[in-house]
$ cat structure03.cif   # mmCIF, C-alpha atoms
data_run
#
loop_
_atom_site.label_atom_id
_atom_site.label_comp_id
_atom_site.auth_asym_id
_atom_site.auth_seq_id
_atom_site.Cartn_x
_atom_site.Cartn_y
_atom_site.Cartn_z
CA MET G 1 -13.83 -0.69 46.57
CA ASN G 2 -14.07 -3.28 43.78
CA PRO G 3 -12.43 -2.82 40.34
CA PHE G 4 -15.71 -1.81 38.68
CA GLU G 5 -16.25 1.02 41.13
CA THR G 6 -12.64 2.15 40.66
CA LEU G 7 -13.15 2.18 36.90
CA ARG G 8 -16.43 4.08 37.29
CA PHE G 9 -14.77 6.76 39.43
CA ALA G 10 -11.88 6.96 36.90
CA VAL G 11 -14.25 7.47 33.98
CA GLY G 12 -16.13 10.10 35.95
CA GLY G 13 -12.90 11.91 36.80
CA LEU G 14 -11.82 12.02 33.15
CA ALA G 15 -15.28 13.01 31.93
CA ALA G 16 -15.27 15.98 34.30
CA ASN G 17 -12.77 17.66 31.99
CA LYS G 18 -13.32 16.27 28.52
CA VAL G 19 -11.10 18.71 26.62
CA ARG G 20 -8.08 18.11 28.84
CA SER G 21 -8.55 14.34 28.71
CA GLY G 22 -9.03 14.45 24.95
CA LEU G 23 -5.81 16.40 24.38
CA THR G 24 -3.87 13.96 26.57
CA MET G 25 -5.26 10.99 24.64
CA LEU G 26 -4.32 12.79 21.42
CA GLY G 27 -0.67 12.89 22.51
CA VAL G 28 -0.65 9.13 23.10
CA LEU G 29 -2.58 8.55 19.85
CA ILE G 30 0.03 10.44 17.82
CA GLY G 31 2.87 8.54 19.48
CA VAL G 32 1.38 5.09 18.83
CA ALA G 33 0.34 5.94 15.27
CA ALA G 34 3.82 7.35 14.54
CA VAL G 35 5.53 4.18 15.74
CA ILE G 36 3.29 1.92 13.62
CA ILE G 37 3.46 4.06 10.45
CA LEU G 38 7.18 4.85 10.53
CA LEU G 39 8.15 1.23 11.19
CA ALA G 40 5.78 0.21 8.36
CA VAL G 41 7.48 2.72 6.03
CA GLY G 42 10.92 1.36 6.94
CA ASN G 43 9.75 -2.22 6.42
CA GLY G 44 8.05 -1.29 3.14
CA SER G 45 11.21 0.37 1.87
CA SER G 46 13.24 -2.71 2.78
CA GLN G 47 10.76 -5.04 1.06
CA SER G 48 10.69 -2.91 -2.09
CA VAL G 49 14.47 -2.88 -2.42
CA LYS G 50 14.59 -6.62 -1.74
CA ASP G 51 12.02 -7.29 -4.47
CA SER G 52 13.92 -5.08 -6.93
CA ILE G 53 17.20 -6.88 -6.28
CA GLU G 54 15.62 -10.33 -6.49
CA LYS G 55 14.09 -9.43 -9.87
CA LEU G 56 17.60 -9.28 -11.30
CA GLY G 57 18.01 -13.00 -10.68
CA THR G 58 20.07 -15.03 -8.27
CA ASN G 59 22.83 -15.75 -10.80
CA SER G 60 23.51 -12.17 -11.91
CA LEU G 61 26.79 -10.40 -11.17
CA THR G 62 27.63 -6.73 -11.59
CA ILE G 63 31.17 -5.49 -12.27
CA SER G 64 31.93 -1.83 -11.60
CA SER G 65 35.07 0.28 -11.45
CA GLY G 66 36.82 0.85 -8.14
CA GLY G 67 38.58 -1.37 -5.62
CA GLY G 68 36.99 -3.70 -3.11
CA SER G 69 35.46 -6.72 -4.85
CA THR G 70 36.95 -9.09 -2.28
CA GLY G 71 37.85 -6.68 0.45
CA GLY G 72 40.93 -5.27 -1.27
CA ALA G 73 41.81 -1.63 -1.66
CA SER G 74 41.97 0.32 -4.87
CA SER G 75 45.32 0.43 -6.58
CA GLY G 76 45.22 4.21 -6.70
CA THR G 77 47.17 5.63 -9.67
CA GLY G 78 47.13 2.25 -11.46
CA THR G 79 43.33 2.09 -11.66
CA LYS G 80 42.00 1.22 -15.12
CA PRO G 81 38.39 1.74 -16.20
CA LEU G 82 36.23 -1.08 -17.49
CA THR G 83 36.14 -1.41 -21.27
CA VAL G 84 34.39 -3.37 -24.01
CA ASP G 85 37.59 -5.42 -24.34
CA ASP G 86 37.13 -6.53 -20.72
CA ALA G 87 33.63 -7.70 -21.58
CA ARG G 88 34.91 -9.62 -24.62
CA ALA G 89 37.54 -11.33 -22.47
CA LEU G 90 34.90 -12.40 -19.97
CA ALA G 91 32.72 -13.80 -22.77
CA ASP G 92 35.50 -16.25 -23.75
CA PRO G 93 34.27 -19.71 -22.61
CA THR G 94 37.83 -20.97 -22.40
CA SER G 95 38.88 -18.56 -19.63
CA ALA G 96 35.44 -18.24 -18.02
CA PRO G 97 33.46 -21.49 -18.50
CA ASP G 98 30.91 -20.68 -15.76
CA ILE G 99 29.78 -17.43 -17.40
CA GLU G 100 26.64 -17.66 -19.55
CA SER G 101 26.51 -14.14 -20.99
CA VAL G 102 28.14 -10.72 -20.69
CA ALA G 103 26.62 -7.27 -21.29
CA PRO G 104 28.72 -4.10 -21.02
CA GLU G 105 26.77 -0.92 -20.29
CA VAL G 106 27.12 2.80 -20.82
CA THR G 107 24.47 5.05 -19.31
CA THR G 108 23.41 8.64 -19.78
CA SER G 109 20.34 10.83 -19.36
CA GLN G 110 18.72 12.47 -22.37
CA THR G 111 15.53 14.20 -23.40
CA ALA G 112 13.25 12.21 -25.72
CA LEU G 113 10.79 13.80 -28.16
CA TYR G 114 7.77 12.32 -29.91
CA GLY G 115 5.94 14.92 -31.94
CA SER G 116 5.32 17.81 -29.56
CA THR G 117 5.70 15.65 -26.43
CA SER G 118 8.95 15.91 -24.50
CA HIS G 119 10.18 13.63 -21.71
CA THR G 120 13.50 13.52 -19.84
CA VAL G 121 14.43 9.85 -19.72
CA GLY G 122 15.85 8.74 -16.37
CA GLN G 123 18.40 6.41 -17.95
CA VAL G 124 19.50 5.76 -21.52
CA VAL G 125 21.41 2.47 -21.61
CA GLY G 126 23.72 1.37 -24.37
CA THR G 127 24.38 -2.38 -24.21
CA TYR G 128 24.23 -5.80 -25.91
CA PRO G 129 21.15 -8.05 -26.32
CA ALA G 130 22.40 -10.20 -23.42
CA TYR G 131 21.47 -7.29 -21.13
CA PHE G 132 17.77 -8.17 -21.28
CA LYS G 133 18.19 -11.71 -20.00
CA THR G 134 20.88 -10.81 -17.47
CA SER G 135 18.86 -7.97 -15.95
CA ASN G 136 15.57 -9.92 -16.20
CA SER G 137 14.09 -7.25 -18.48
CA LYS G 138 11.24 -8.79 -20.47
CA VAL G 139 9.46 -7.28 -23.45
CA ALA G 140 5.72 -6.72 -23.17
CA LYS G 141 5.23 -5.40 -26.73
CA GLY G 142 7.37 -5.74 -29.83
CA ASP G 143 10.77 -7.38 -29.58
CA TYR G 144 14.36 -6.90 -28.40
CA PHE G 145 17.04 -5.49 -30.67
CA SER G 146 19.45 -8.09 -32.08
CA ALA G 147 23.19 -8.71 -32.26
CA ASP G 148 22.98 -7.63 -35.91
CA ASP G 149 21.57 -4.28 -34.77
CA VAL G 150 24.62 -3.91 -32.53
CA LEU G 151 27.10 -4.83 -35.25
CA ASN G 152 25.52 -2.32 -37.65
CA SER G 153 24.99 0.40 -35.00
CA ARG G 154 21.32 0.69 -35.89
CA LYS G 155 19.27 3.43 -34.25
CA VAL G 156 16.70 1.19 -32.59
CA ALA G 157 15.53 1.20 -28.98
CA VAL G 158 13.52 -0.73 -26.42
CA ILE G 159 11.81 1.60 -23.97
CA GLY G 160 10.45 1.21 -20.44
CA SER G 161 6.75 1.39 -19.59
CA THR G 162 7.04 4.79 -17.89
CA THR G 163 8.84 6.28 -20.89
CA ALA G 164 6.22 4.76 -23.21
CA THR G 165 3.33 6.19 -21.22
CA ASP G 166 4.84 9.66 -20.90
CA LEU G 167 5.68 9.92 -24.61
CA PHE G 168 2.87 7.98 -26.28
CA GLY G 169 0.01 7.83 -23.78
CA THR G 170 -2.27 4.99 -24.86
CA VAL G 171 -0.82 4.74 -28.39
CA SER G 172 1.39 1.72 -29.11
CA PRO G 173 5.02 2.91 -29.40
CA VAL G 174 6.25 -0.07 -31.47
CA GLY G 175 7.44 1.08 -34.90
CA LYS G 176 7.23 4.78 -33.98
CA LYS G 177 10.22 7.12 -34.23
CA ILE G 178 11.41 9.19 -31.28
CA VAL G 179 14.25 11.69 -31.11
CA ILE G 180 16.66 11.23 -28.18
CA GLY G 181 19.20 13.98 -27.64
CA GLY G 182 18.88 14.99 -31.29
CA THR G 183 19.28 11.44 -32.65
CA PRO G 184 16.27 9.63 -34.17
CA PHE G 185 15.52 6.12 -32.89
CA THR G 186 12.90 3.59 -33.94
CA VAL G 187 11.09 1.92 -31.03
CA VAL G 188 11.15 -1.86 -31.51
CA GLY G 189 9.83 -2.93 -28.12
CA VAL G 190 8.37 -1.93 -24.76
CA LEU G 191 9.58 -3.57 -21.56
CA GLU G 192 7.28 -5.07 -18.94
CA THR G 193 6.68 -2.90 -15.89
CA LYS G 194 9.14 -3.69 -13.12
CA GLY G 195 7.83 -1.25 -10.55
CA GLY G 196 9.75 -0.19 -7.49
CA THR G 197 10.26 2.81 -5.25
CA GLY G 198 12.96 5.32 -4.66
CA PHE G 199 14.43 8.25 -6.53
CA GLN G 200 14.96 6.42 -9.85
CA ASP G 201 12.11 4.74 -11.69
CA PRO G 202 13.39 1.46 -13.21
CA ASP G 203 10.69 1.74 -15.89
CA ASP G 204 11.85 5.18 -17.05
CA THR G 205 14.53 3.87 -19.39
CA VAL G 206 15.61 3.54 -23.01
CA VAL G 207 17.83 0.59 -24.01
CA ALA G 208 19.69 0.78 -27.33
CA PRO G 209 22.69 -0.90 -29.02
CA LEU G 210 25.97 -0.04 -27.31
CA PRO G 211 27.85 1.44 -30.32
CA THR G 212 24.82 3.55 -31.23
CA VAL G 213 24.69 5.17 -27.76
CA GLN G 214 28.47 5.56 -27.68
CA ASN G 215 28.50 7.24 -31.09
CA ALA G 216 25.59 9.56 -30.27
CA PHE G 217 26.16 10.42 -26.60
CA THR G 218 28.99 8.94 -24.54
CA GLY G 219 31.89 8.40 -26.89
CA PHE G 220 33.90 5.19 -27.34
CA GLY G 221 35.59 5.24 -23.94
CA PRO G 222 35.09 3.26 -20.73
CA VAL G 223 31.84 1.47 -19.95
CA SER G 224 29.80 2.25 -16.81
CA GLN G 225 29.58 -1.36 -15.68
CA ILE G 226 29.44 -4.92 -16.96
CA LEU G 227 26.55 -7.28 -16.24
CA VAL G 228 27.42 -10.96 -16.10
CA GLU G 229 25.11 -13.95 -15.90
CA ALA G 230 26.47 -17.14 -14.40
CA LYS G 231 25.28 -20.43 -15.87
CA SER G 232 23.34 -21.21 -12.69
CA ALA G 233 22.87 -19.97 -9.15
CA HIS G 234 25.39 -22.60 -7.99
CA ALA G 235 27.94 -21.32 -10.52
CA THR G 236 27.88 -17.78 -9.13
CA THR G 237 30.93 -18.20 -6.89
CA PRO G 238 33.09 -19.92 -9.57
CA ALA G 239 32.01 -17.25 -12.07
CA GLN G 240 33.02 -14.54 -9.63
CA ASN G 241 36.46 -16.13 -9.24
CA GLU G 242 36.81 -16.35 -13.03
CA ILE G 243 35.88 -12.69 -13.40
CA THR G 244 38.57 -11.72 -10.90
CA THR G 245 41.20 -13.83 -12.67
CA VAL G 246 40.34 -12.55 -16.16
CA LEU G 247 40.16 -8.88 -15.20
CA MET G 248 43.39 -9.06 -13.20
CA ALA G 249 45.08 -10.29 -16.37
CA GLN G 250 43.34 -7.63 -18.48
CA HIS G 251 44.37 -4.81 -16.12
CA GLY G 252 47.85 -6.13 -15.40
CA ILE G 253 47.17 -6.58 -11.69
CA LYS G 254 49.48 -8.95 -9.83
CA ASN G 255 48.24 -8.43 -6.27
CA ALA G 256 44.70 -9.58 -5.42
CA ASN G 257 44.61 -6.91 -2.69
CA SER G 258 44.98 -4.13 -5.27
CA LEU G 259 41.95 -4.71 -7.47
CA ASP G 260 40.60 -1.75 -9.44
CA PHE G 261 37.13 -3.25 -9.91
CA ARG G 262 34.28 -4.60 -7.78
CA VAL G 263 32.20 -7.70 -8.38
CA SER G 264 28.81 -7.68 -6.66
CA SER G 265 26.38 -10.56 -6.53
CA GLN G 266 22.67 -10.12 -5.91
CA GLU G 267 23.05 -12.08 -2.66
CA SER G 268 25.68 -9.66 -1.31
CA LEU G 269 23.64 -6.65 -2.44
CA LEU G 270 20.58 -8.11 -0.73
CA SER G 271 22.51 -8.73 2.49
CA THR G 272 24.01 -5.23 2.54
CA GLN G 273 20.69 -3.60 1.74
CA SER G 274 18.95 -5.67 4.41
CA ASP G 275 21.42 -4.56 7.08
CA THR G 276 21.09 -0.93 5.99
CA ASN G 277 17.30 -1.01 6.05
CA LYS G 278 17.24 -2.66 9.48
CA THR G 279 19.29 0.24 10.81
CA PHE G 280 17.00 2.68 9.00
CA THR G 281 13.89 1.03 10.45
CA VAL G 282 15.32 1.04 13.98
CA LEU G 283 16.14 4.73 13.59
CA LEU G 284 12.60 5.50 12.46
CA GLY G 285 11.23 3.53 15.42
CA ALA G 286 13.46 5.44 17.83
CA VAL G 287 12.28 8.76 16.42
CA ALA G 288 8.66 7.66 16.71
CA ALA G 289 9.23 6.44 20.28
CA ILE G 290 10.03 10.03 21.27
CA SER G 291 6.40 10.87 20.50
CA LEU G 292 5.30 8.18 22.96
CA LEU G 293 7.65 9.62 25.58
CA VAL G 294 6.17 13.08 25.05
CA GLY G 295 2.70 11.56 25.44
CA GLY G 296 3.77 10.02 28.76
CA ILE G 297 5.08 13.35 30.02
CA GLY G 298 1.75 14.87 29.04
CA ILE G 299 -0.05 12.26 31.16
CA THR G 300 2.15 13.16 34.15
CA ASN G 301 1.41 16.87 33.78
CA ILE G 302 -2.32 16.40 33.35
CA MET G 303 -2.57 14.02 36.29
CA LEU G 304 -0.60 16.42 38.53
CA VAL G 305 -3.05 19.18 37.62
CA THR G 306 -5.94 16.80 38.31
CA VAL G 307 -4.55 15.88 41.74
CA THR G 308 -4.12 19.56 42.61
CA GLU G 309 -7.68 20.41 41.54
CA ARG G 310 -9.18 17.48 43.47
CA THR G 311 -7.14 17.79 46.67
CA ARG G 312 -10.19 18.60 48.80
CA GLU G 313 -12.07 15.65 47.30
CA ILE G 314 -9.14 13.39 48.21
CA GLY G 315 -9.15 14.82 51.76
CA ILE G 316 -12.85 14.13 52.18
CA ARG G 317 -12.55 10.57 50.92
CA LYS G 318 -9.59 9.84 53.19
CA ALA G 319 -11.38 11.47 56.12
CA ILE G 320 -14.33 9.09 55.77
CA GLY G 321 -12.03 6.08 55.68
CA ALA G 322 -10.79 5.59 52.11
CA PRO G 323 -7.45 3.75 52.37
CA LYS G 324 -4.30 4.81 50.49
CA GLY G 325 -4.64 1.88 48.07
CA VAL G 326 -8.09 3.05 46.88
CA ILE G 327 -6.87 6.58 46.11
CA LEU G 328 -3.76 5.22 44.44
CA GLY G 329 -5.82 2.77 42.37
CA GLN G 330 -8.27 5.45 41.22
CA PHE G 331 -5.63 7.83 39.86
CA LEU G 332 -3.62 5.00 38.35
CA ALA G 333 -6.82 3.82 36.68
CA GLU G 334 -7.37 7.30 35.25
CA SER G 335 -3.85 7.58 33.82
CA THR G 336 -4.00 4.03 32.45
CA LEU G 337 -7.41 4.69 30.91
CA LEU G 338 -5.99 7.78 29.16
CA SER G 339 -3.17 5.75 27.62
CA LEU G 340 -5.44 2.76 26.90
CA VAL G 341 -7.98 4.76 24.92
CA GLY G 342 -5.32 6.93 23.29
CA GLY G 343 -3.28 3.85 22.39
CA GLY G 344 -6.30 2.07 20.92
CA LEU G 345 -7.17 5.06 18.77
CA GLY G 346 -3.47 5.33 17.81
CA VAL G 347 -3.46 1.73 16.60
CA LEU G 348 -6.53 2.43 14.50
CA ALA G 349 -4.95 5.60 13.06
CA GLY G 350 -1.71 3.74 12.36
CA LEU G 351 -3.47 0.91 10.53
CA ILE G 352 -5.45 3.38 8.42
CA GLY G 353 -2.40 5.56 7.71
CA SER G 354 -0.36 2.56 6.60
CA ARG G 355 -2.81 1.91 3.78
CA PHE G 356 -1.56 4.98 1.91
CA THR G 357 1.67 5.38 -0.09
CA ILE G 358 4.09 7.62 1.81
CA VAL G 359 6.96 9.41 -0.02
CA GLY G 360 6.67 6.85 -2.81
CA ILE G 361 6.82 3.87 -0.44
CA LYS G 362 3.99 1.44 0.22
CA PRO G 363 4.14 0.77 4.00
CA VAL G 364 4.20 -2.85 5.14
CA ILE G 365 2.92 -3.21 8.70
CA ILE G 366 5.01 -5.14 11.20
CA PRO G 367 2.45 -6.96 13.42
CA GLU G 368 4.80 -6.85 16.41
CA SER G 369 4.97 -3.06 16.15
CA VAL G 370 1.19 -2.80 16.58
CA TRP G 371 1.07 -4.85 19.78
CA GLY G 372 4.36 -3.39 20.97
CA ALA G 373 3.30 0.24 20.51
CA PHE G 374 -0.05 -0.41 22.22
CA GLY G 375 1.58 -2.28 25.12
CA ILE G 376 4.19 0.45 25.59
CA ALA G 377 1.46 3.09 25.56
CA VAL G 378 -0.39 1.32 28.37
CA ALA G 379 2.87 0.83 30.29
CA ILE G 380 3.62 4.52 29.87
CA GLY G 381 0.24 5.36 31.39
CA LEU G 382 1.04 3.23 34.43
CA PHE G 383 4.60 4.51 34.76
CA PHE G 384 3.98 8.21 34.22
CA GLY G 385 0.74 8.11 36.20
CA SER G 386 2.35 6.46 39.23
CA TYR G 387 3.96 9.63 40.57
CA PRO G 388 0.78 11.78 40.54
CA ALA G 389 -1.23 8.83 41.89
CA ASN G 390 1.23 8.18 44.69
CA ARG G 391 1.28 11.90 45.50
CA ALA G 392 -2.52 11.93 45.75
CA ALA G 393 -2.58 8.78 47.92
CA SER G 394 0.07 10.20 50.27
CA LEU G 395 -1.80 13.40 51.09
CA ARG G 396 -2.72 13.75 54.76
CA PRO G 397 -6.49 14.27 55.21
CA ILE G 398 -6.12 17.44 57.35
CA GLU G 399 -3.80 19.07 54.80
CA ALA G 400 -6.02 18.10 51.91
CA LEU G 401 -9.13 19.53 53.60
CA ARG G 402 -7.35 22.85 54.23
CA HIS G 403 -6.37 23.16 50.54
CA GLU G 404 -7.98 26.06 48.71
#
$ encode --input "structure03.cif" --output "structure tokens"
Amino acid sequence: MNPFETLRFAVGGLAANKVRSGLTMLGVLIGVAAVIILLAVGNGSSQSVKDSIEKLGTNSLTISSGGGSTGGASSGTGTKPLTVDDARALADPTSAPDIESVAPEVTTSQTALYGSTSHTVGQVVGTYPAYFKTSNSKVAKGDYFSADDVLNSRKVAVIGSTTATDLFGTVSPVGKKIVIGGTPFTVVGVLETKGGTGFQDPDDTVVAPLPTVQNAFTGFGPVSQILVEAKSAHATTPAQNEITTVLMAQHGIKNANSLDFRVSSQESLLSTQSDTNKTFTVLLGAVAAISLLVGGIGITNIMLVTVTERTREIGIRKAIGAPKGVILGQFLAESTLLSLVGGGLGVLAGLIGSRFTIVGIKPVIIPESVWGAFGIAVAIGLFFGSYPANRAASLRPIEALRHE
């Protein structure tokens, strides 16, 4: 029997029970689509985080409280919080010549009001004007607040695009007054949209002078973190060393293994996040692969039922001279055809599904996952169909003809 006749018999066998064949293909379809979509979600999440980190600039450094900037442990009871004085020390060009600018930050969450419209702002940031350049936050409308605004604790604010839309709609916010946590602020600028995914919207923010936010909300205590901009990407490492030296002196730390602060560069954040997202993507792929395994088990079950139902047919064909290889080939062709069609439809469903935003993430398809999932689906059809096919081919004609 030539391959075309084998394929014709296989199609006829599957068409004899369309519902059963359709349900089996559906199992494979779901498995393949799940692999493609979940891996695309993992890759999309990784790409989004990477883009967000890169937007901060390659020469930005972030200082936060807690040990471990260079692998050291926290000093425990001797831990000191970051303060504005620390930021001033870092801004001294004599002790830190590779640092371009310094911006201490305090953050809080408050409710903003404009007329009768209320909006809970994701993050209210109190900082210095250097924050905008260091964090790559550009103004789309209006202007930034100035160093004079900081010195005089003026109640002015630059707001994010999400905050602007939720409070003002299509009206220009520049020059308008909003009330944040009971304190009136004048909007002097609106930031460009950064975009991004995750639980916190980077565009849902209000940025105001540091002393103003401290006086109104947080108090004049420690700062949340300090943003530092090195003079160039090449100066990042020297700047990081200078930060460590200055803050050790500020905090009275003698042992470099007992730091009470962390210094993170965008490169290290990107590397850490990349490793984390690779693990996350592999985990998603492993979960999706279970669906393919279930689809393969479904093929085995359906083919075993098919062999049982067609035992007499097998007996007749073997009795008139059909060799074992022909019977084996026919049932293998049927199982492979199930996985081939199901896998093809699964690829189509996966490509369509990946065009939609899922849990706030825009999936980014990994081409290898498409071919890989389809190839594995076909291999599963061959593997899981081999046992039923071999069982059918091994039946003795006399026993098959006696089967009821």
$ closest_residue --input "structure03.cif" --among "G:Leu23, G:Ala392, G:Ala233, G:Leu61" --to "G:Val263" --atoms "all atoms listed in the file"
G:Leu61
$ closest_residue --input "structure03.cif" --among "G:Phe356, G:Phe261, G:Phe374, G:Tyr131" --to "G:Ala208" --atoms "all atoms listed in the file"
G:Tyr131
$ closest_residue --input "structure03.cif" --among "G:Pro363, G:Ser232, G:Gly126, G:Pro97" --to "G:Phe220" --atoms "only C-alpha atoms"
G:Gly126
$ closest_residue --input "structure03.cif" --among "G:Asn390, G:Ser146, G:Ser369, G:Thr79" --to "G:Leu351" --atoms "all atoms listed in the file"
G:Ser369
$ resolve_selection --input "structure03.cif" --expression "the PyMOL selection byres ((chain G and resi 150-163) around 6)" --output "PDB file with C-alpha atoms, in the coordinates of the input"
ATOM      1  CA  ALA G 147      23.190  -8.710 -32.260  1.00  0.00           C
ATOM      2  CA  ASP G 148      22.980  -7.630 -35.910  1.00  0.00           C
ATOM      3  CA  ASP G 149      21.570  -4.280 -34.770  1.00  0.00           C
ATOM      4  CA  ALA G 164       6.220   4.760 -23.210  1.00  0.00           C
ATOM      5  CA  THR G 165       3.330   6.190 -21.220  1.00  0.00           C
ATOM      6  CA  ASP G 166       4.840   9.660 -20.900  1.00  0.00           C
ATOM      7  CA  PHE G 185      15.520   6.120 -32.890  1.00  0.00           C
ATOM      8  CA  THR G 186      12.900   3.590 -33.940  1.00  0.00           C
ATOM      9  CA  VAL G 187      11.090   1.920 -31.030  1.00  0.00           C
ATOM     10  CA  VAL G 188      11.150  -1.860 -31.510  1.00  0.00           C
ATOM     11  CA  GLY G 189       9.830  -2.930 -28.120  1.00  0.00           C
ATOM     12  CA  VAL G 190       8.370  -1.930 -24.760  1.00  0.00           C
ATOM     13  CA  LEU G 191       9.580  -3.570 -21.560  1.00  0.00           C
ATOM     14  CA  THR G 193       6.680  -2.900 -15.890  1.00  0.00           C
ATOM     15  CA  ASP G 203      10.690   1.740 -15.890  1.00  0.00           C
ATOM     16  CA  ASP G 204      11.850   5.180 -17.050  1.00  0.00           C
ATOM     17  CA  THR G 205      14.530   3.870 -19.390  1.00  0.00           C
ATOM     18  CA  VAL G 206      15.610   3.540 -23.010  1.00  0.00           C
ATOM     19  CA  VAL G 207      17.830   0.590 -24.010  1.00  0.00           C
ATOM     20  CA  ALA G 208      19.690   0.780 -27.330  1.00  0.00           C
ATOM     21  CA  PRO G 209      22.690  -0.900 -29.020  1.00  0.00           C
ATOM     22  CA  PRO G 211      27.850   1.440 -30.320  1.00  0.00           C
ATOM     23  CA  THR G 212      24.820   3.550 -31.230  1.00  0.00           C
TER      24      THR G 212
END
$ residues_around --input "structure03.cif" --residues "G:Ala33" --least-positions-apart "3" --cutoff "12 Å" --atoms "all atoms listed in the file" --output "ChimeraX atom specification"
/G:26-30,36-40,285,288-289,291-292,295,342-354,365,369-374,377
$ write_last_selection --input "structure03.cif" --atoms "C-alpha atoms" --output "PDB file, keeping the file's coordinate frame"
ATOM      1  CA  LEU G  26      -4.320  12.790  21.420  1.00  0.00           C
ATOM      2  CA  GLY G  27      -0.670  12.890  22.510  1.00  0.00           C
ATOM      3  CA  VAL G  28      -0.650   9.130  23.100  1.00  0.00           C
ATOM      4  CA  LEU G  29      -2.580   8.550  19.850  1.00  0.00           C
ATOM      5  CA  ILE G  30       0.030  10.440  17.820  1.00  0.00           C
ATOM      6  CA  ILE G  36       3.290   1.920  13.620  1.00  0.00           C
ATOM      7  CA  ILE G  37       3.460   4.060  10.450  1.00  0.00           C
ATOM      8  CA  LEU G  38       7.180   4.850  10.530  1.00  0.00           C
ATOM      9  CA  LEU G  39       8.150   1.230  11.190  1.00  0.00           C
ATOM     10  CA  ALA G  40       5.780   0.210   8.360  1.00  0.00           C
ATOM     11  CA  GLY G 285      11.230   3.530  15.420  1.00  0.00           C
ATOM     12  CA  ALA G 288       8.660   7.660  16.710  1.00  0.00           C
ATOM     13  CA  ALA G 289       9.230   6.440  20.280  1.00  0.00           C
ATOM     14  CA  SER G 291       6.400  10.870  20.500  1.00  0.00           C
ATOM     15  CA  LEU G 292       5.300   8.180  22.960  1.00  0.00           C
ATOM     16  CA  GLY G 295       2.700  11.560  25.440  1.00  0.00           C
ATOM     17  CA  GLY G 342      -5.320   6.930  23.290  1.00  0.00           C
ATOM     18  CA  GLY G 343      -3.280   3.850  22.390  1.00  0.00           C
ATOM     19  CA  GLY G 344      -6.300   2.070  20.920  1.00  0.00           C
ATOM     20  CA  LEU G 345      -7.170   5.060  18.770  1.00  0.00           C
ATOM     21  CA  GLY G 346      -3.470   5.330  17.810  1.00  0.00           C
ATOM     22  CA  VAL G 347      -3.460   1.730  16.600  1.00  0.00           C
ATOM     23  CA  LEU G 348      -6.530   2.430  14.500  1.00  0.00           C
ATOM     24  CA  ALA G 349      -4.950   5.600  13.060  1.00  0.00           C
ATOM     25  CA  GLY G 350      -1.710   3.740  12.360  1.00  0.00           C
ATOM     26  CA  LEU G 351      -3.470   0.910  10.530  1.00  0.00           C
ATOM     27  CA  ILE G 352      -5.450   3.380   8.420  1.00  0.00           C
ATOM     28  CA  GLY G 353      -2.400   5.560   7.710  1.00  0.00           C
ATOM     29  CA  SER G 354      -0.360   2.560   6.600  1.00  0.00           C
ATOM     30  CA  ILE G 365       2.920  -3.210   8.700  1.00  0.00           C
ATOM     31  CA  SER G 369       4.970  -3.060  16.150  1.00  0.00           C
ATOM     32  CA  VAL G 370       1.190  -2.800  16.580  1.00  0.00           C
ATOM     33  CA  TRP G 371       1.070  -4.850  19.780  1.00  0.00           C
ATOM     34  CA  GLY G 372       4.360  -3.390  20.970  1.00  0.00           C
ATOM     35  CA  ALA G 373       3.300   0.240  20.510  1.00  0.00           C
ATOM     36  CA  PHE G 374      -0.050  -0.410  22.220  1.00  0.00           C
ATOM     37  CA  ALA G 377       1.460   3.090  25.560  1.00  0.00           C
TER      38      ALA G 377
END
$ resolve_selection --input "structure03.cif" --expression "the PyMOL selection byres ((chain G and resi 183) around 10)" --output "ChimeraX atom specification"
/G:112-113,155,178-182,184-185,212-213,216-217
$ atom_distance --input "structure03.cif" --atom1 "atom CA of G:Ser265" --atom2 "atom CA of G:Ile366"
28.3 Å
$ atom_distance --input "structure03.cif" --atom1 "atom CA of G:Asp86" --atom2 "atom CA of G:Gln214"
16.4 Å
$ decode --input "structure03.cif" --residues "stretch 117-121 of chain G" --atoms "N, CA, C and O atoms" --output "short mmCIF file (atom, residue, chain, number, x, y, z; two decimals), in the first residue's frame"
data_model
loop_
_atom_site.label_atom_id
_atom_site.label_comp_id
_atom_site.auth_asym_id
_atom_site.auth_seq_id
_atom_site.Cartn_x
_atom_site.Cartn_y
_atom_site.Cartn_z
N THR G 117 -14.02 65.82 40.77
CA THR G 117 -13.34 64.60 40.33
C THR G 117 -12.28 64.19 41.34
O THR G 117 -11.45 65.02 41.75
N SER G 118 -12.31 62.93 41.72
CA SER G 118 -11.35 62.40 42.69
C SER G 118 -10.53 61.28 42.05
O SER G 118 -11.05 60.48 41.27
N HIS G 119 -9.25 61.23 42.38
CA HIS G 119 -8.37 60.18 41.84
C HIS G 119 -7.29 59.85 42.86
O HIS G 119 -6.63 60.76 43.39
N THR G 120 -7.12 58.56 43.17
CA THR G 120 -6.06 58.13 44.07
C THR G 120 -4.78 57.99 43.27
O THR G 120 -4.66 57.11 42.41
N VAL G 121 -3.83 58.86 43.53
CA VAL G 121 -2.57 58.87 42.79
C VAL G 121 -1.69 57.71 43.25
O VAL G 121 -1.52 57.48 44.45
#
